[in-house]
file target15.cif (mmCIF, C-alpha atoms and all ligand atoms)
data_input
#
loop_
_atom_site.label_atom_id
_atom_site.label_comp_id
_atom_site.auth_asym_id
_atom_site.auth_seq_id
_atom_site.Cartn_x
_atom_site.Cartn_y
_atom_site.Cartn_z
CA MET A 8 9.47 4.53 28.01
CA MET A 9 7.92 5.90 24.82
CA THR A 10 9.41 4.65 21.58
CA THR A 11 8.97 6.42 18.25
CA ALA A 12 8.29 4.03 15.40
CA LYS A 13 10.34 4.90 12.36
CA TRP A 14 9.10 4.71 8.77
CA THR A 15 12.43 3.17 7.79
CA GLU A 16 12.07 0.13 10.08
CA GLY A 17 9.84 -2.92 10.48
CA SER A 18 6.20 -3.03 9.45
CA ARG A 19 6.12 0.72 8.78
CA LEU A 20 8.83 0.28 6.17
CA PHE A 21 6.68 -2.42 4.52
CA TRP A 22 3.64 -0.11 4.38
CA LEU A 23 5.76 2.77 3.09
CA LEU A 24 7.09 0.57 0.28
CA THR A 25 3.56 -0.72 -0.45
CA LEU A 26 2.30 2.87 -0.69
CA ALA A 27 5.15 3.76 -3.05
CA LEU A 28 4.36 0.72 -5.24
CA ALA A 29 0.65 1.62 -5.38
CA ALA A 30 1.51 5.25 -6.20
CA MET A 31 3.86 4.09 -8.95
CA ALA A 32 1.21 1.82 -10.52
CA LEU A 33 -1.49 4.51 -10.39
CA GLY A 34 1.01 7.14 -11.59
CA LEU A 35 1.59 4.98 -14.68
CA LEU A 36 -2.03 3.97 -15.27
CA PHE A 37 -3.63 7.43 -15.14
CA PRO A 38 -1.45 9.18 -17.76
CA ALA A 39 -1.16 6.11 -20.04
CA GLY A 40 -4.84 5.23 -19.63
CA TRP A 41 -6.36 2.07 -18.13
CA SER A 42 -5.53 0.31 -21.35
CA THR A 43 -3.05 -2.16 -22.89
CA ASP A 44 -0.23 0.44 -22.79
CA GLY A 45 -0.91 1.28 -19.15
CA TYR A 46 -1.09 -2.36 -18.03
CA ARG A 47 2.13 -3.19 -19.91
CA LEU A 48 3.91 -0.26 -18.24
CA VAL A 49 2.79 -1.54 -14.82
CA ILE A 50 3.88 -5.11 -15.66
CA ARG A 51 7.37 -3.94 -16.66
CA ALA A 52 7.76 -1.43 -13.80
CA THR A 53 6.71 -3.97 -11.14
CA ALA A 54 9.06 -6.60 -12.63
CA ARG A 55 11.86 -4.09 -11.96
CA THR A 56 10.76 -3.02 -8.46
CA SER A 57 10.28 -6.71 -7.62
CA LEU A 58 13.84 -7.46 -8.64
CA LEU A 59 15.30 -4.64 -6.52
CA LEU A 60 13.24 -5.61 -3.46
CA PHE A 61 14.05 -9.29 -3.93
CA LEU A 62 17.78 -8.51 -4.20
CA ALA A 63 17.66 -6.41 -1.02
CA ALA A 64 16.23 -9.43 0.87
CA PHE A 65 18.35 -12.04 -0.94
CA ALA A 66 21.70 -10.30 -0.42
CA ALA A 67 21.11 -8.57 2.94
CA ALA A 68 22.66 -11.15 5.28
CA ALA A 69 25.65 -11.75 2.99
CA ALA A 70 26.29 -8.01 2.57
CA ALA A 71 26.13 -7.46 6.35
CA ARG A 72 28.64 -10.26 6.89
CA LEU A 73 31.09 -9.05 4.25
CA TRP A 74 30.75 -5.30 4.88
CA PRO A 75 29.40 -4.72 8.39
CA GLY A 76 28.08 -1.18 8.71
CA ALA A 77 24.99 0.89 9.39
CA PHE A 78 23.48 0.43 5.90
CA THR A 79 24.07 -3.31 5.57
CA HIS A 80 22.83 -3.91 9.14
CA TRP A 81 19.67 -1.94 8.30
CA LEU A 82 19.21 -4.11 5.20
CA ARG A 83 19.64 -7.32 7.24
CA ARG A 84 17.38 -6.12 10.06
CA ASN A 85 14.60 -5.38 7.57
CA ARG A 86 15.08 -8.23 5.13
CA ARG A 87 11.71 -9.73 6.00
CA GLN A 88 10.07 -6.40 5.10
CA PHE A 89 11.91 -6.32 1.78
CA GLY A 90 10.79 -9.89 1.10
CA LEU A 91 7.16 -9.04 1.85
CA SER A 92 7.38 -5.86 -0.27
CA PHE A 93 8.77 -7.98 -3.11
CA ALA A 94 5.67 -10.22 -2.80
CA MET A 95 3.45 -7.12 -2.86
CA SER A 96 5.21 -5.79 -5.97
CA HIS A 97 4.74 -9.15 -7.66
CA LEU A 98 1.07 -9.21 -6.64
CA ILE A 99 0.65 -5.96 -8.61
CA HIS A 100 2.59 -7.62 -11.51
CA ALA A 101 0.00 -10.45 -11.39
CA LEU A 102 -2.99 -8.09 -11.19
CA ALA A 103 -1.74 -6.11 -14.22
CA ILE A 104 -1.10 -9.38 -16.13
CA PHE A 105 -4.59 -10.65 -15.31
CA THR A 106 -6.16 -7.34 -16.41
CA LEU A 107 -4.16 -7.35 -19.65
CA TRP A 108 -5.27 -10.94 -20.35
CA ARG A 109 -8.95 -10.05 -19.73
CA SER A 110 -8.92 -6.79 -21.70
CA ASP A 111 -6.59 -7.61 -24.60
CA PRO A 112 -5.98 -11.37 -24.90
CA ASP A 113 -4.35 -11.03 -28.36
CA THR A 114 -1.59 -8.79 -26.99
CA PHE A 115 -1.27 -10.97 -23.90
CA TRP A 116 -0.62 -14.09 -26.02
CA THR A 117 1.95 -12.29 -28.19
CA LEU A 118 3.88 -11.48 -24.98
CA SER A 119 3.45 -14.80 -23.18
CA ASN A 120 3.07 -18.53 -23.82
CA LYS A 121 1.94 -21.65 -21.95
CA GLY A 122 5.50 -22.61 -20.92
CA SER A 123 6.17 -19.23 -19.25
CA ILE A 124 2.80 -19.39 -17.54
CA VAL A 125 3.65 -22.78 -16.00
CA SER A 126 7.12 -21.68 -14.76
CA GLY A 127 5.75 -18.28 -13.69
CA SER A 128 2.93 -19.94 -11.74
CA ILE A 129 5.42 -22.18 -9.88
CA ALA A 130 7.38 -19.05 -8.96
CA TYR A 131 4.12 -17.46 -7.74
CA LEU A 132 3.37 -20.50 -5.56
CA PHE A 133 6.80 -20.11 -3.95
CA ILE A 134 6.29 -16.35 -3.51
CA ALA A 135 2.93 -16.97 -1.80
CA ALA A 136 4.42 -19.71 0.42
CA LEU A 137 7.41 -17.56 1.40
CA ALA A 138 5.21 -14.54 2.18
CA ALA A 139 2.75 -16.64 4.20
CA THR A 140 5.56 -18.16 6.28
CA SER A 141 7.41 -14.89 6.93
CA PHE A 142 5.82 -14.51 10.35
CA ASP A 143 7.20 -15.82 13.65
CA ALA A 144 4.08 -17.90 14.38
CA MET A 145 4.41 -19.69 11.02
CA VAL A 146 8.14 -20.28 11.55
CA ARG A 147 7.28 -21.96 14.88
CA MET A 148 4.45 -23.96 13.31
CA LEU A 149 6.56 -25.28 10.43
CA GLY A 150 9.66 -25.90 12.53
CA PRO A 151 13.11 -24.55 11.63
CA LYS A 152 14.07 -27.44 9.32
CA ALA A 153 10.99 -27.38 7.04
CA TRP A 154 10.99 -23.57 7.11
CA GLY A 155 14.67 -23.51 6.12
CA TRP A 156 14.10 -25.89 3.19
CA LEU A 157 11.07 -24.00 1.92
CA HIS A 158 12.87 -20.65 2.02
CA TRP A 159 16.06 -22.08 0.50
CA ALA A 160 14.16 -23.65 -2.44
CA GLY A 161 11.90 -20.63 -2.84
CA VAL A 162 14.57 -17.94 -2.98
CA TRP A 163 16.72 -19.94 -5.39
CA PHE A 164 13.79 -20.68 -7.68
CA ILE A 165 12.90 -16.99 -7.74
CA ALA A 166 16.54 -15.90 -8.31
CA ILE A 167 16.77 -18.28 -11.28
CA SER A 168 13.39 -17.08 -12.59
CA PHE A 169 14.73 -13.52 -12.65
CA ILE A 170 17.81 -14.67 -14.59
CA PHE A 171 15.61 -16.42 -17.20
CA THR A 172 12.86 -13.80 -17.51
CA ASN A 173 15.42 -11.03 -18.03
CA GLY A 174 17.97 -13.15 -19.91
CA LYS A 175 15.48 -14.19 -22.60
CA ARG A 176 14.89 -10.49 -23.37
CA ILE A 177 18.58 -9.66 -23.99
CA PRO A 178 18.14 -10.15 -27.78
CA VAL A 179 15.49 -7.38 -27.63
CA SER A 180 17.70 -4.98 -25.65
CA GLY A 181 21.19 -5.33 -24.19
CA TRP A 182 19.92 -3.46 -21.09
CA TYR A 183 18.35 -6.72 -19.86
CA ALA A 184 21.91 -7.94 -19.18
CA LEU A 185 22.00 -5.49 -16.25
CA PRO A 186 19.38 -7.25 -14.09
CA VAL A 187 20.96 -10.62 -14.98
CA ALA A 188 24.35 -9.29 -13.82
CA LEU A 189 22.78 -7.96 -10.59
CA VAL A 190 21.30 -11.37 -9.71
CA LEU A 191 24.60 -13.13 -10.52
CA ALA A 192 26.48 -10.58 -8.36
CA ALA A 193 24.09 -11.26 -5.45
CA ILE A 194 24.65 -15.02 -5.86
CA LEU A 195 28.45 -14.49 -5.78
CA LEU A 196 28.04 -12.34 -2.67
CA ARG A 197 26.15 -15.12 -0.90
CA ILE A 198 28.83 -17.66 -1.87
CA ALA A 199 31.63 -15.34 -0.65
CA ALA A 200 29.82 -14.75 2.66
CA LYS A 201 29.33 -18.49 3.16
CA ARG A 202 33.03 -19.14 2.55
CA ARG A 203 33.99 -16.41 5.00
CA ARG A 204 31.79 -18.04 7.65
CA ARG A 205 33.56 -21.36 7.13
CA VAL A 206 37.14 -20.01 7.35
CA PRO A 207 37.32 -19.30 11.12
CA ALA A 208 35.66 -22.66 11.85
CA ALA A 209 38.30 -24.49 9.77
CA ALA A 210 41.17 -22.43 11.24
C1 LIG B 1 2.23 -16.68 -14.65
C2 LIG B 1 3.14 -15.82 -14.32
C3 LIG B 1 3.61 -14.66 -15.15
C4 LIG B 1 3.10 -14.13 -16.31
C5 LIG B 1 1.88 -14.57 -17.11
C6 LIG B 1 3.98 -13.00 -16.67
C7 LIG B 1 3.75 -12.19 -17.77
C8 LIG B 1 4.57 -11.17 -18.16
C9 LIG B 1 4.39 -10.38 -19.37
C10 LIG B 1 3.21 -10.52 -20.33
C11 LIG B 1 5.44 -9.53 -19.46
C12 LIG B 1 5.73 -8.54 -20.61
C13 LIG B 1 5.19 -7.16 -20.39
C14 LIG B 1 5.50 -6.27 -21.60
O1 LIG B 1 6.51 -6.43 -22.28
O2 LIG B 1 4.70 -5.38 -21.84
C15 LIG B 1 6.29 -9.78 -18.30
C16 LIG B 1 7.45 -9.13 -18.04
C17 LIG B 1 8.37 -9.53 -17.11
N1 LIG B 1 8.15 -10.44 -16.08
FE1 LIG B 1 6.45 -11.49 -15.76
N2 LIG B 1 4.96 -12.87 -15.74
C18 LIG B 1 4.80 -13.88 -14.81
C19 LIG B 1 5.59 -14.12 -13.71
C20 LIG B 1 6.83 -13.56 -13.54
C21 LIG B 1 7.78 -13.96 -12.53
C22 LIG B 1 7.53 -15.03 -11.47
C23 LIG B 1 8.89 -13.18 -12.68
C24 LIG B 1 10.18 -13.15 -11.91
C25 LIG B 1 10.45 -13.82 -10.84
C26 LIG B 1 8.64 -12.29 -13.81
C27 LIG B 1 9.53 -11.37 -14.29
C28 LIG B 1 9.32 -10.58 -15.39
C29 LIG B 1 10.33 -9.71 -15.96
C30 LIG B 1 11.76 -9.55 -15.46
C31 LIG B 1 9.73 -9.04 -17.04
C32 LIG B 1 10.40 -8.02 -17.96
C33 LIG B 1 10.22 -6.64 -17.40
C34 LIG B 1 10.94 -5.58 -18.22
O3 LIG B 1 10.62 -5.44 -19.41
O4 LIG B 1 11.83 -4.94 -17.63
N3 LIG B 1 7.38 -12.54 -14.27
N4 LIG B 1 5.73 -10.77 -17.51
#

call {"tool": "encode", "arguments": {"input": "target15.cif", "output": "structure tokens", "more": "lines below"}}
Ligand code: HEM
result
Amino acid sequence: MMTTAKWTEGSRLFWLLTLALAAMALGLLFPAGWSTDGYRLVIRATARTSLLLFLAAFAAAAAARLWPGAFTHWLRRNRRQFGLSFAMSHLIHALAIFTLWRSDPDTFWTLSNKGSIVSGSIAYLFIAALAATSFDAMVRMLGPKAWGWLHWAGVWFIAISFIFTNGKRIPVSGWYALPVALVLAAILLRIAAKRRRRVPAAA
């Protein structure tokens, strides 16, 4: 039987999202110029796409449990693709940061400091480890227990990083409260889904 691969499922979805991220970065860099302004636009835009893709992966299973339906099941089915696309978006974040640091170190150091680089680098180590172990062969190699611990620690570290990186910018603009609220809402969703799973077992 011939099956038609869909662009909204599996690895094709990942490549579609990667293409969209690359188009977004180039679409910002060409008009703004391959300069400080352009790199800063890419850093900010990818921070936002990363958050949305991360939330899709982070909340997918809980959303499908609380509100079963075509959309939430699609999210859950493709959560690995959203996780990998989040890593891709954050790779572009890193490339733009590196380019900004090389081309305009003064601006880079007004926007960043050693403390954020240490915590950001730990988050990047987790992102790399999660992406590298998001394949069935790696899950088998690590074993379910180690894999479960790594992914539990990784996703929570990243969720908290998003709360801090956005939260510290709230004094600059109240709009940064929105991403903080989105991460907190996703955390509440996961807690609610976990409680729902426990109720029938207790009853
Ligand atoms: C060593 C690692 C990292 C460095 C050096 C770094 C650097 C930067 C810089 C310089 C900006 C400011 C861009 C501007 O205002 O023009 C920025 C923005 C941001 N970064 Fe990163 N980053 C790192 C890792 C991360 C990680 C791991 C996360 C989240 C998990 C993150 C989330 C954000 C967010 C939310 C913004 C604000 C975007 C906005 O304005 O909407 N960063 N980063």

call {"tool": "closest_atom_pairs", "arguments": {"input": "target15.cif", "of": "chain A", "to": "ligand LIG 1 (chain B)", "cutoff": "6 Å", "atoms": "all atoms listed in the file", "output": "tab-separated table"}}
result
residue	atom	partner	partner_atom	distance
A:Arg47	CA	B:LIG1	O2	3.9
A:Ile50	CA	B:LIG1	C13	5.3
A:Arg51	CA	B:LIG1	C33	4.0
A:Ala54	CA	B:LIG1	C29	4.7
A:Arg55	CA	B:LIG1	O4	5.7
A:Ile104	CA	B:LIG1	C7	5.8
A:Phe115	CA	B:LIG1	C10	5.7
A:Leu118	CA	B:LIG1	C10	4.8
A:Ser119	CA	B:LIG1	C10	5.1
A:Ile124	CA	B:LIG1	C1	4.0
A:Gly127	CA	B:LIG1	C2	3.6
A:Ser128	CA	B:LIG1	C1	4.4
A:Ala130	CA	B:LIG1	C22	4.7
A:Tyr131	CA	B:LIG1	C22	5.6
A:Ile165	CA	B:LIG1	C25	5.1
A:Ser168	CA	B:LIG1	C25	4.7
A:Phe169	CA	B:LIG1	C24	4.6
A:Thr172	CA	B:LIG1	C30	4.8
A:Asn173	CA	B:LIG1	C30	4.7

call {"tool": "closest_residue", "arguments": {"input": "target15.cif", "among": "A:Ile170, A:Trp14, A:His97, A:Leu132", "to": "Leu28 in chain A", "atoms": "all atoms listed in the file"}}
result
A:His97

call {"tool": "residues_around", "arguments": {"input": "target15.cif", "residues": "Leu60 in chain A", "least_positions_apart": "6", "cutoff": "7 Å", "atoms": "only C-alpha atoms", "output": "list of chain:residue names"}}
result
A:Phe89, A:Gly90, A:Ser92, A:Phe93

call {"tool": "axis_aligned_box", "arguments": {"input": "target15.cif", "around": "range 164-179 of chain A", "padding_each_side": "4 Å", "output": "AutoDock Vina command-line options"}}
result
--center_x 15.7 --center_y -14.0 --center_z -17.7 --size_x 13.7 --size_y 21.3 --size_z 28.1

call {"tool": "residues_around", "arguments": {"input": "target15.cif", "residues": "Ala199 in chain A", "least_positions_apart": "6", "cutoff": "10 Å", "atoms": "only C-alpha atoms", "output": "MDAnalysis selection string"}}
result
chainID A and resid 69:70 72:73 193

call {"tool": "closest_residue", "arguments": {"input": "target15.cif", "among": "A:Leu137, A:Leu62, A:Leu102, A:Ala68", "to": "Leu189 in chain A", "atoms": "all atoms listed in the file"}}
result
A:Leu62

call {"tool": "residues_around", "arguments": {"input": "target15.cif", "residues": "His158 in chain A", "least_positions_apart": "4", "cutoff": "9 Å", "atoms": "only C-alpha atoms", "output": "number ranges by chain"}}
result
A: 133, 136-137, 140, 153-154, 162-163

call {"tool": "residues_around", "arguments": {"input": "target15.cif", "residues": "Ala32 in chain A", "least_positions_apart": "6", "cutoff": "9 Å", "atoms": "all atoms listed in the file", "output": "PyMOL selection string"}}
result
chain A and resi 45-46+48-49+52-53+99

call {"tool": "closest_residue", "arguments": {"input": "target15.cif", "among": "A:Leu195, A:Leu24, A:Ala64, A:Ala103", "to": "His80 in chain A", "atoms": "all atoms listed in the file"}}
result
A:Ala64

call {"tool": "atom_distance", "arguments": {"input": "target15.cif", "atom1": "CA of Ala200 in chain A", "atom2": "CA of Ala77 in chain A"}}
result
17.7 Å

call {"tool": "residues_around", "arguments": {"input": "target15.cif", "residues": "Phe171 in chain A", "least_positions_apart": "4", "cutoff": "12 Å", "atoms": "all atoms listed in the file", "output": "ChimeraX atom specification"}}
result
/A:123,126-127,130,164-167,175-177,183-184,186-188,190-191

call {"tool": "write_last_selection", "arguments": {"input": "target15.cif", "atoms": "C-alpha atoms", "output": "short mmCIF file (atom, residue, chain, number, x, y, z; two decimals), keeping the file's coordinate frame"}}
result
data_model
loop_
_atom_site.label_atom_id
_atom_site.label_comp_id
_atom_site.auth_asym_id
_atom_site.auth_seq_id
_atom_site.Cartn_x
_atom_site.Cartn_y
_atom_site.Cartn_z
CA SER A 123 6.17 -19.23 -19.25
CA SER A 126 7.12 -21.68 -14.76
CA GLY A 127 5.75 -18.28 -13.69
CA ALA A 130 7.38 -19.05 -8.96
CA PHE A 164 13.79 -20.68 -7.68
CA ILE A 165 12.90 -16.99 -7.74
CA ALA A 166 16.54 -15.90 -8.31
CA ILE A 167 16.77 -18.28 -11.28
CA LYS A 175 15.48 -14.19 -22.60
CA ARG A 176 14.89 -10.49 -23.37
CA ILE A 177 18.58 -9.66 -23.99
CA TYR A 183 18.35 -6.72 -19.86
CA ALA A 184 21.91 -7.94 -19.18
CA PRO A 186 19.38 -7.25 -14.09
CA VAL A 187 20.96 -10.62 -14.98
CA ALA A 188 24.35 -9.29 -13.82
CA VAL A 190 21.30 -11.37 -9.71
CA LEU A 191 24.60 -13.13 -10.52
#

call {"tool": "atom_distance", "arguments": {"input": "target15.cif", "atom1": "CA of Trp116 in chain A", "atom2": "CA of Ile129 in chain A"}}
result
19.0 Å

call {"tool": "atom_distance", "arguments": {"input": "target15.cif", "atom1": "CA of Leu36 in chain A", "atom2": "CA of Leu20 in chain A"}}
result
24.3 Å

call {"tool": "closest_residue", "arguments": {"input": "target15.cif", "among": "A:Gly161, A:Asp44, A:Ala135, A:Ala27", "to": "Leu107 in chain A", "atoms": "only C-alpha atoms"}}
result
A:Asp44

call {"tool": "closest_residue", "arguments": {"input": "target15.cif", "among": "A:Trp74, A:Ser18, A:Leu149, A:Thr56", "to": "Arg86 in chain A", "atoms": "all atoms listed in the file"}}
result
A:Ser18
